[in-house]
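Just final_7.tsv here, TSV, N, CA and C atoms:
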chain	number	residue	atom	x	y	z
A	1	MET	N	48.63	147.45	205.93
A	1	MET	CA	49.84	148.25	205.82
A	1	MET	C	50.82	147.54	204.91
A	2	LYS	N	51.55	148.37	204.16
A	2	LYS	CA	52.58	147.82	203.29
A	2	LYS	C	53.68	148.86	203.10
A	3	PRO	N	54.86	148.43	202.65
A	3	PRO	CA	55.94	149.40	202.41
A	3	PRO	C	55.47	150.50	201.47
A	4	GLY	N	55.85	151.73	201.81
A	4	GLY	CA	55.44	152.89	201.03
A	4	GLY	C	54.26	153.63	201.60
A	5	ASP	N	53.52	153.02	202.52
A	5	ASP	CA	52.39	153.70	203.16
A	5	ASP	C	52.90	154.74	204.15
A	6	LEU	N	52.26	155.90	204.16
A	6	LEU	CA	52.54	156.93	205.15
A	6	LEU	C	51.67	156.65	206.36
A	7	VAL	N	52.29	156.50	207.53
A	7	VAL	CA	51.53	156.14	208.73
A	7	VAL	C	51.83	157.08	209.89
A	8	GLU	N	50.90	157.10	210.82
A	8	GLU	CA	51.08	157.78	212.09
A	8	GLU	C	51.14	156.67	213.14
A	9	VAL	N	52.19	156.68	213.95
A	9	VAL	CA	52.35	155.67	215.00
A	9	VAL	C	51.97	156.35	216.32
A	10	PHE	N	51.03	155.75	217.06
A	10	PHE	CA	50.54	156.40	218.27
A	10	PHE	C	50.09	155.38	219.29
A	11	TYR	N	49.80	155.87	220.48
A	11	TYR	CA	49.14	155.06	221.50
A	11	TYR	C	48.21	155.96	222.27
A	12	THR	N	47.28	155.36	223.00
A	12	THR	CA	46.35	156.13	223.82
A	12	THR	C	46.78	155.99	225.28
A	13	SER	N	46.97	157.13	225.95
A	13	SER	CA	47.42	157.11	227.34
A	13	SER	C	46.31	156.58	228.24
A	14	ASP	N	46.68	156.31	229.48
A	14	ASP	CA	45.71	155.84	230.47
A	14	ASP	C	44.58	156.84	230.68
A	15	TYR	N	44.84	158.11	230.35
A	15	TYR	CA	43.85	159.16	230.54
A	15	TYR	C	43.05	159.44	229.27
A	16	GLY	N	43.25	158.62	228.23
A	16	GLY	CA	42.48	158.76	227.00
A	16	GLY	C	43.07	159.71	225.98
A	17	LYS	N	44.25	160.28	226.26
A	17	LYS	CA	44.88	161.21	225.33
A	17	LYS	C	45.70	160.42	224.31
A	18	ILE	N	45.59	160.81	223.02
A	18	ILE	CA	46.37	160.17	221.97
A	18	ILE	C	47.77	160.78	221.94
A	19	ILE	N	48.77	159.93	222.04
A	19	ILE	CA	50.17	160.35	222.03
A	19	ILE	C	50.79	159.87	220.71
A	20	ILE	N	51.17	160.81	219.85
A	20	ILE	CA	51.76	160.46	218.56
A	20	ILE	C	53.26	160.25	218.76
A	21	LEU	N	53.73	159.06	218.41
A	21	LEU	CA	55.15	158.74	218.53
A	21	LEU	C	55.93	159.25	217.33
A	22	THR	N	55.39	159.06	216.14
A	22	THR	CA	56.04	159.56	214.93
A	22	THR	C	55.09	159.44	213.75
A	23	THR	N	55.46	160.10	212.67
A	23	THR	CA	54.78	159.97	211.39
A	23	THR	C	55.86	159.69	210.36
A	24	GLY	N	55.63	158.73	209.50
A	24	GLY	CA	56.64	158.41	208.50
A	24	GLY	C	56.20	157.33	207.54
A	25	LEU	N	57.13	156.95	206.65
A	25	LEU	CA	56.87	155.93	205.64
A	25	LEU	C	57.30	154.57	206.14
A	26	ILE	N	56.46	153.57	205.92
A	26	ILE	CA	56.87	152.20	206.20
A	26	ILE	C	57.86	151.81	205.12
A	27	ILE	N	59.08	151.43	205.53
A	27	ILE	CA	60.07	151.04	204.53
A	27	ILE	C	60.22	149.54	204.43
A	28	GLU	N	59.97	148.82	205.52
A	28	GLU	CA	60.02	147.35	205.46
A	28	GLU	C	59.47	146.76	206.74
A	29	PHE	N	59.23	145.47	206.68
A	29	PHE	CA	58.81	144.70	207.84
A	29	PHE	C	59.97	143.81	208.25
A	30	GLY	N	59.97	143.38	209.50
A	30	GLY	CA	61.05	142.57	210.01
A	30	GLY	C	61.13	141.20	209.38
A	31	ASN	N	62.23	140.52	209.69
A	31	ASN	CA	62.43	139.15	209.21
A	31	ASN	C	62.92	138.31	210.39
A	32	SER	N	63.30	137.09	210.11
A	32	SER	CA	63.71	136.20	211.20
A	32	SER	C	64.95	136.70	211.92
A	33	GLU	N	65.80	137.48	211.25
A	33	GLU	CA	67.01	138.01	211.89
A	33	GLU	C	66.73	139.26	212.72
A	34	SER	N	65.93	140.17	212.17
A	34	SER	CA	65.69	141.44	212.86
A	34	SER	C	64.53	141.37	213.84
A	35	GLY	N	63.68	140.39	213.68
A	35	GLY	CA	62.47	140.27	214.51
A	35	GLY	C	61.25	140.40	213.64
A	36	GLU	N	60.53	139.31	213.48
A	36	GLU	CA	59.43	139.27	212.52
A	36	GLU	C	58.24	140.16	212.91
A	37	ASP	N	58.22	140.63	214.13
A	37	ASP	CA	57.11	141.48	214.57
A	37	ASP	C	57.39	142.97	214.35
A	38	LEU	N	58.53	143.33	213.76
A	38	LEU	CA	58.92	144.73	213.65
A	38	LEU	C	58.42	145.40	212.37
A	39	VAL	N	58.10	146.70	212.50
A	39	VAL	CA	57.79	147.57	211.37
A	39	VAL	C	58.84	148.68	211.40
A	40	PHE	N	59.52	148.90	210.28
A	40	PHE	CA	60.53	149.94	210.19
A	40	PHE	C	59.93	151.16	209.51
A	41	VAL	N	60.03	152.31	210.19
A	41	VAL	CA	59.40	153.55	209.72
A	41	VAL	C	60.48	154.60	209.49
A	42	LEU	N	60.49	155.18	208.28
A	42	LEU	CA	61.40	156.27	207.94
A	42	LEU	C	60.74	157.59	208.30
A	43	LYS	N	61.35	158.30	209.25
A	43	LYS	CA	60.79	159.57	209.71
A	43	LYS	C	61.22	160.71	208.78
A	44	GLY	N	60.59	161.85	208.91
A	44	GLY	CA	60.88	163.01	208.07
A	44	GLY	C	62.29	163.53	208.19
A	45	ASN	N	62.95	163.26	209.31
A	45	ASN	CA	64.31	163.75	209.51
A	45	ASN	C	65.36	162.76	209.00
A	46	GLY	N	64.91	161.67	208.37
A	46	GLY	CA	65.83	160.69	207.81
A	46	GLY	C	66.17	159.53	208.72
A	47	GLU	N	65.75	159.59	209.97
A	47	GLU	CA	66.01	158.50	210.90
A	47	GLU	C	65.01	157.36	210.68
A	48	VAL	N	65.46	156.15	210.96
A	48	VAL	CA	64.59	154.98	210.87
A	48	VAL	C	64.34	154.48	212.28
A	49	GLU	N	63.07	154.27	212.61
A	49	GLU	CA	62.71	153.71	213.91
A	49	GLU	C	61.95	152.42	213.68
A	50	ASP	N	62.08	151.50	214.61
A	50	ASP	CA	61.33	150.24	214.49
A	50	ASP	C	60.34	150.15	215.64
A	51	TYR	N	59.18	149.59	215.32
A	51	TYR	CA	58.10	149.43	216.29
A	51	TYR	C	57.61	148.00	216.23
A	52	SER	N	57.33	147.44	217.38
A	52	SER	CA	56.84	146.07	217.46
A	52	SER	C	55.33	146.03	217.30
A	53	MET	N	54.87	145.16	216.41
A	53	MET	CA	53.43	144.99	216.23
A	53	MET	C	52.84	144.16	217.37
A	54	ASN	N	53.68	143.56	218.21
A	54	ASN	CA	53.20	142.74	219.32
A	54	ASN	C	52.83	143.57	220.54
A	55	ILE	N	53.21	144.84	220.56
A	55	ILE	CA	52.84	145.71	221.68
A	55	ILE	C	51.44	146.25	221.38
A	56	LYS	N	50.47	145.77	222.13
A	56	LYS	CA	49.07	146.06	221.81
A	56	LYS	C	48.70	147.53	221.94
A	57	GLN	N	49.45	148.29	222.74
A	57	GLN	CA	49.12	149.69	222.93
A	57	GLN	C	49.49	150.54	221.70
A	58	ILE	N	50.50	150.11	220.93
A	58	ILE	CA	50.94	150.89	219.77
A	58	ILE	C	50.04	150.59	218.59
A	59	LYS	N	49.55	151.65	217.96
A	59	LYS	CA	48.65	151.54	216.81
A	59	LYS	C	49.28	152.26	215.62
A	60	PHE	N	48.88	151.82	214.43
A	60	PHE	CA	49.33	152.41	213.19
A	60	PHE	C	48.12	152.91	212.43
A	61	LYS	N	48.11	154.21	212.10
A	61	LYS	CA	47.00	154.78	211.33
A	61	LYS	C	47.55	155.14	209.96
A	62	ILE	N	46.98	154.56	208.91
A	62	ILE	CA	47.44	154.86	207.55
A	62	ILE	C	46.91	156.23	207.17
A	63	ILE	N	47.84	157.13	206.83
A	63	ILE	CA	47.48	158.47	206.40
A	63	ILE	C	47.30	158.51	204.88
A	64	ASN	N	48.21	157.82	204.19
A	64	ASN	CA	48.17	157.80	202.73
A	64	ASN	C	48.76	156.47	202.26
A	65	GLU	N	47.99	155.73	201.47
A	65	GLU	CA	48.48	154.45	200.96
A	65	GLU	C	49.30	154.67	199.71
A	66	LYS	N	50.29	153.78	199.53
A	66	LYS	CA	51.15	153.84	198.36
A	66	LYS	C	50.36	153.50	197.13

How does the structure come out when it is put into structure tokens?
Amino acid sequence: MKPGDLVEVFYTSDYGKIIILTTGLIIEFGNSESGEDLVFVLKGNGEVEDYSMNIKQIKFKIINEK
């Protein structure tokens, strides 16, 4: 994954169902101030959400690479 990639952020529920949290563009990765484990995703509505790569349940699927 790298900035500019279009990704789907999801997790699999205890019952095996895939739950999509969001789809958007990776705009940057965290740093020592914001948290080095964070991925910042720009959603279609213009909002930016951050997701921790340290949470093993959350997965990132690349839809389209930059």

Rounded to one decimal, what separation in Å do you get between atom CA of Ser32 of chain A and atom CA of Phe60 of chain A? 21.8 Å

Atom CA of Lys2 of chain A to atom C of Ile26 of chain A, distance in Å rounded to a single decimal: 6.9 Å

Excluding segment 13-19 of chain A and residues on its chain fewer than 3 positions from it, collect all residues at most 9 Å away from it, counting only C-alpha atoms, and give them as a VMD selection string. chain A and resid 9 to 10 57

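Considering only C-alpha atoms, the residue among A:Lys66, A:Tyr11, A:Gly24, A:Ile58 positioned nearest to Gly44 of chain A is A:Gly24.
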
Suppose you want the space between atom C of Ile62 of chain A and atom CA of Glu47 of chain A; what is it in Å?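 The value is 19.6 Å.
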
Nearest to Asn54 of chain A among A:Leu21, A:Val7, A:Met1, A:Val39, with distances taken over only N, CA and C atoms: which residue is it? A:Val39

For Phe40 of chain A, list every protein, DNA or RNA residue within 7 Å, evaluated using all atoms listed in the file, and leave out those in the same chain fewer than 4 positions away; present the list as a ChimeraX atom specification. /A:25-30,48-51

Going by DSSP on the backbone, which bits of chain A are strand (DSSP E)? Write them as an NGL selection string, please. :A and (6-12 or 18-29 or 38-43 or 48-52 or 59-64)

My list of candidates is A:Lys61, A:Thr12, A:Thr23, A:Met53. Which is closest to Val41 of chain A when distances are computed with all atoms listed in the file?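 Looking at the shortest contact to Val41 of chain A, the residue is A:Thr23.
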
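Minimum atom-to-atom distance to Glu36 of chain A, evaluated using only C-alpha atoms, belongs to A:Ser52 out of A:Glu8, A:Glu65, A:Ser52, A:Thr22.
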
Give, as lines of an AutoDock Vina configuration file, the centre coordinates and the x, y and z edge lengths in Å to one decimal for an axis-aligned box around all listed atoms of segment 27-41 of chain A, padded by 8 Å on each side.
center_x = 62.1
center_y = 145.4
center_z = 209.5
size_x = 25.9
size_y = 34.4
size_z = 26.1

Counting all atoms listed in the file, the option among A:Asp37, A:Gly46, A:Ile63, A:Ile55 closest to Leu6 of chain A: A:Ile63

Kindly reconstruct segment 51-62 of chain A with all heavy atoms and present the result as a PDB file, in the coordinates of the input.
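And here is the file that came out, out-v7.pdb:
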ATOM      1  N   TYR A  51      59.180 149.590 215.320  1.00  0.00           N
ATOM      2  CA  TYR A  51      58.100 149.430 216.290  1.00  0.00           C
ATOM      3  C   TYR A  51      57.610 148.000 216.230  1.00  0.00           C
ATOM      4  O   TYR A  51      57.472 147.426 215.152  1.00  0.00           O
ATOM      5  CB  TYR A  51      56.940 150.390 215.977  1.00  0.00           C
ATOM      6  CG  TYR A  51      57.339 151.834 216.121  1.00  0.00           C
ATOM      7  CD1 TYR A  51      57.788 152.549 215.026  1.00  0.00           C
ATOM      8  CD2 TYR A  51      57.294 152.462 217.350  1.00  0.00           C
ATOM      9  CE1 TYR A  51      58.170 153.874 215.152  1.00  0.00           C
ATOM     10  CE2 TYR A  51      57.681 153.787 217.490  1.00  0.00           C
ATOM     11  CZ  TYR A  51      58.117 154.485 216.390  1.00  0.00           C
ATOM     12  OH  TYR A  51      58.501 155.782 216.524  1.00  0.00           O
ATOM     13  N   SER A  52      57.330 147.440 217.380  1.00  0.00           N
ATOM     14  CA  SER A  52      56.840 146.070 217.460  1.00  0.00           C
ATOM     15  C   SER A  52      55.330 146.030 217.300  1.00  0.00           C
ATOM     16  O   SER A  52      54.604 146.765 217.969  1.00  0.00           O
ATOM     17  CB  SER A  52      57.227 145.451 218.806  1.00  0.00           C
ATOM     18  OG  SER A  52      56.620 144.191 218.954  1.00  0.00           O
ATOM     19  N   MET A  53      54.870 145.160 216.410  1.00  0.00           N
ATOM     20  CA  MET A  53      53.430 144.990 216.230  1.00  0.00           C
ATOM     21  C   MET A  53      52.840 144.160 217.370  1.00  0.00           C
ATOM     22  O   MET A  53      51.630 144.056 217.488  1.00  0.00           O
ATOM     23  CB  MET A  53      53.140 144.321 214.888  1.00  0.00           C
ATOM     24  CG  MET A  53      53.468 145.208 213.713  1.00  0.00           C
ATOM     25  SD  MET A  53      52.974 144.497 212.128  1.00  0.00           S
ATOM     26  CE  MET A  53      54.206 143.207 211.937  1.00  0.00           C
ATOM     27  N   ASN A  54      53.680 143.560 218.210  1.00  0.00           N
ATOM     28  CA  ASN A  54      53.200 142.740 219.320  1.00  0.00           C
ATOM     29  C   ASN A  54      52.830 143.570 220.540  1.00  0.00           C
ATOM     30  O   ASN A  54      52.245 143.053 221.481  1.00  0.00           O
ATOM     31  CB  ASN A  54      54.230 141.689 219.705  1.00  0.00           C
ATOM     32  CG  ASN A  54      54.317 140.568 218.686  1.00  0.00           C
ATOM     33  OD1 ASN A  54      53.421 140.385 217.887  1.00  0.00           O
ATOM     34  ND2 ASN A  54      55.406 139.845 218.697  1.00  0.00           N
ATOM     35  N   ILE A  55      53.210 144.840 220.560  1.00  0.00           N
ATOM     36  CA  ILE A  55      52.840 145.710 221.680  1.00  0.00           C
ATOM     37  C   ILE A  55      51.440 146.250 221.380  1.00  0.00           C
ATOM     38  O   ILE A  55      51.254 147.062 220.482  1.00  0.00           O
ATOM     39  CB  ILE A  55      53.862 146.853 221.867  1.00  0.00           C
ATOM     40  CG1 ILE A  55      55.236 146.254 222.167  1.00  0.00           C
ATOM     41  CG2 ILE A  55      53.410 147.799 222.973  1.00  0.00           C
ATOM     42  CD1 ILE A  55      56.355 147.277 222.254  1.00  0.00           C
ATOM     43  N   LYS A  56      50.470 145.770 222.130  1.00  0.00           N
ATOM     44  CA  LYS A  56      49.070 146.060 221.810  1.00  0.00           C
ATOM     45  C   LYS A  56      48.700 147.530 221.940  1.00  0.00           C
ATOM     46  O   LYS A  56      47.764 147.998 221.305  1.00  0.00           O
ATOM     47  CB  LYS A  56      48.155 145.216 222.695  1.00  0.00           C
ATOM     48  CG  LYS A  56      48.278 143.741 222.383  1.00  0.00           C
ATOM     49  CD  LYS A  56      47.388 142.911 223.261  1.00  0.00           C
ATOM     50  CE  LYS A  56      47.594 141.452 222.901  1.00  0.00           C
ATOM     51  NZ  LYS A  56      46.956 140.545 223.787  1.00  0.00           N
ATOM     52  N   GLN A  57      49.450 148.290 222.740  1.00  0.00           N
ATOM     53  CA  GLN A  57      49.120 149.690 222.930  1.00  0.00           C
ATOM     54  C   GLN A  57      49.490 150.540 221.700  1.00  0.00           C
ATOM     55  O   GLN A  57      48.908 151.593 221.470  1.00  0.00           O
ATOM     56  CB  GLN A  57      49.835 150.260 224.159  1.00  0.00           C
ATOM     57  CG  GLN A  57      49.365 149.670 225.453  1.00  0.00           C
ATOM     58  CD  GLN A  57      50.103 148.400 225.839  1.00  0.00           C
ATOM     59  OE1 GLN A  57      50.791 147.793 225.035  1.00  0.00           O
ATOM     60  NE2 GLN A  57      49.960 147.985 227.075  1.00  0.00           N
ATOM     61  N   ILE A  58      50.500 150.110 220.930  1.00  0.00           N
ATOM     62  CA  ILE A  58      50.940 150.890 219.770  1.00  0.00           C
ATOM     63  C   ILE A  58      50.040 150.590 218.590  1.00  0.00           C
ATOM     64  O   ILE A  58      49.787 149.446 218.241  1.00  0.00           O
ATOM     65  CB  ILE A  58      52.416 150.575 219.432  1.00  0.00           C
ATOM     66  CG1 ILE A  58      53.325 151.062 220.559  1.00  0.00           C
ATOM     67  CG2 ILE A  58      52.814 151.240 218.118  1.00  0.00           C
ATOM     68  CD1 ILE A  58      54.790 150.749 220.347  1.00  0.00           C
ATOM     69  N   LYS A  59      49.550 151.650 217.960  1.00  0.00           N
ATOM     70  CA  LYS A  59      48.650 151.540 216.810  1.00  0.00           C
ATOM     71  C   LYS A  59      49.280 152.260 215.620  1.00  0.00           C
ATOM     72  O   LYS A  59      50.076 153.180 215.762  1.00  0.00           O
ATOM     73  CB  LYS A  59      47.297 152.188 217.107  1.00  0.00           C
ATOM     74  CG  LYS A  59      46.619 151.681 218.348  1.00  0.00           C
ATOM     75  CD  LYS A  59      46.138 150.270 218.194  1.00  0.00           C
ATOM     76  CE  LYS A  59      45.378 149.832 219.432  1.00  0.00           C
ATOM     77  NZ  LYS A  59      45.446 148.452 219.705  1.00  0.00           N
ATOM     78  N   PHE A  60      48.880 151.820 214.430  1.00  0.00           N
ATOM     79  CA  PHE A  60      49.330 152.410 213.190  1.00  0.00           C
ATOM     80  C   PHE A  60      48.120 152.910 212.430  1.00  0.00           C
ATOM     81  O   PHE A  60      47.196 152.135 212.146  1.00  0.00           O
ATOM     82  CB  PHE A  60      50.067 151.374 212.334  1.00  0.00           C
ATOM     83  CG  PHE A  60      51.309 150.820 212.978  1.00  0.00           C
ATOM     84  CD1 PHE A  60      51.227 149.738 213.834  1.00  0.00           C
ATOM     85  CD2 PHE A  60      52.547 151.386 212.742  1.00  0.00           C
ATOM     86  CE1 PHE A  60      52.361 149.212 214.444  1.00  0.00           C
ATOM     87  CE2 PHE A  60      53.683 150.873 213.335  1.00  0.00           C
ATOM     88  CZ  PHE A  60      53.592 149.792 214.180  1.00  0.00           C
ATOM     89  N   LYS A  61      48.110 154.210 212.100  1.00  0.00           N
ATOM     90  CA  LYS A  61      47.000 154.780 211.330  1.00  0.00           C
ATOM     91  C   LYS A  61      47.550 155.140 209.960  1.00  0.00           C
ATOM     92  O   LYS A  61      48.506 155.920 209.853  1.00  0.00           O
ATOM     93  CB  LYS A  61      46.470 156.036 212.018  1.00  0.00           C
ATOM     94  CG  LYS A  61      45.409 156.762 211.242  1.00  0.00           C
ATOM     95  CD  LYS A  61      44.988 158.026 211.943  1.00  0.00           C
ATOM     96  CE  LYS A  61      44.070 158.857 211.095  1.00  0.00           C
ATOM     97  NZ  LYS A  61      43.820 160.164 211.698  1.00  0.00           N
ATOM     98  N   ILE A  62      46.980 154.560 208.910  1.00  0.00           N
ATOM     99  CA  ILE A  62      47.440 154.860 207.550  1.00  0.00           C
ATOM    100  C   ILE A  62      46.910 156.230 207.170  1.00  0.00           C
ATOM    101  O   ILE A  62      45.700 156.480 207.194  1.00  0.00           O
ATOM    102  CB  ILE A  62      46.956 153.793 206.558  1.00  0.00           C
ATOM    103  CG1 ILE A  62      47.568 152.432 206.921  1.00  0.00           C
ATOM    104  CG2 ILE A  62      47.328 154.185 205.133  1.00  0.00           C
ATOM    105  CD1 ILE A  62      47.052 151.275 206.084  1.00  0.00           C
TER     106      ILE A  62
END
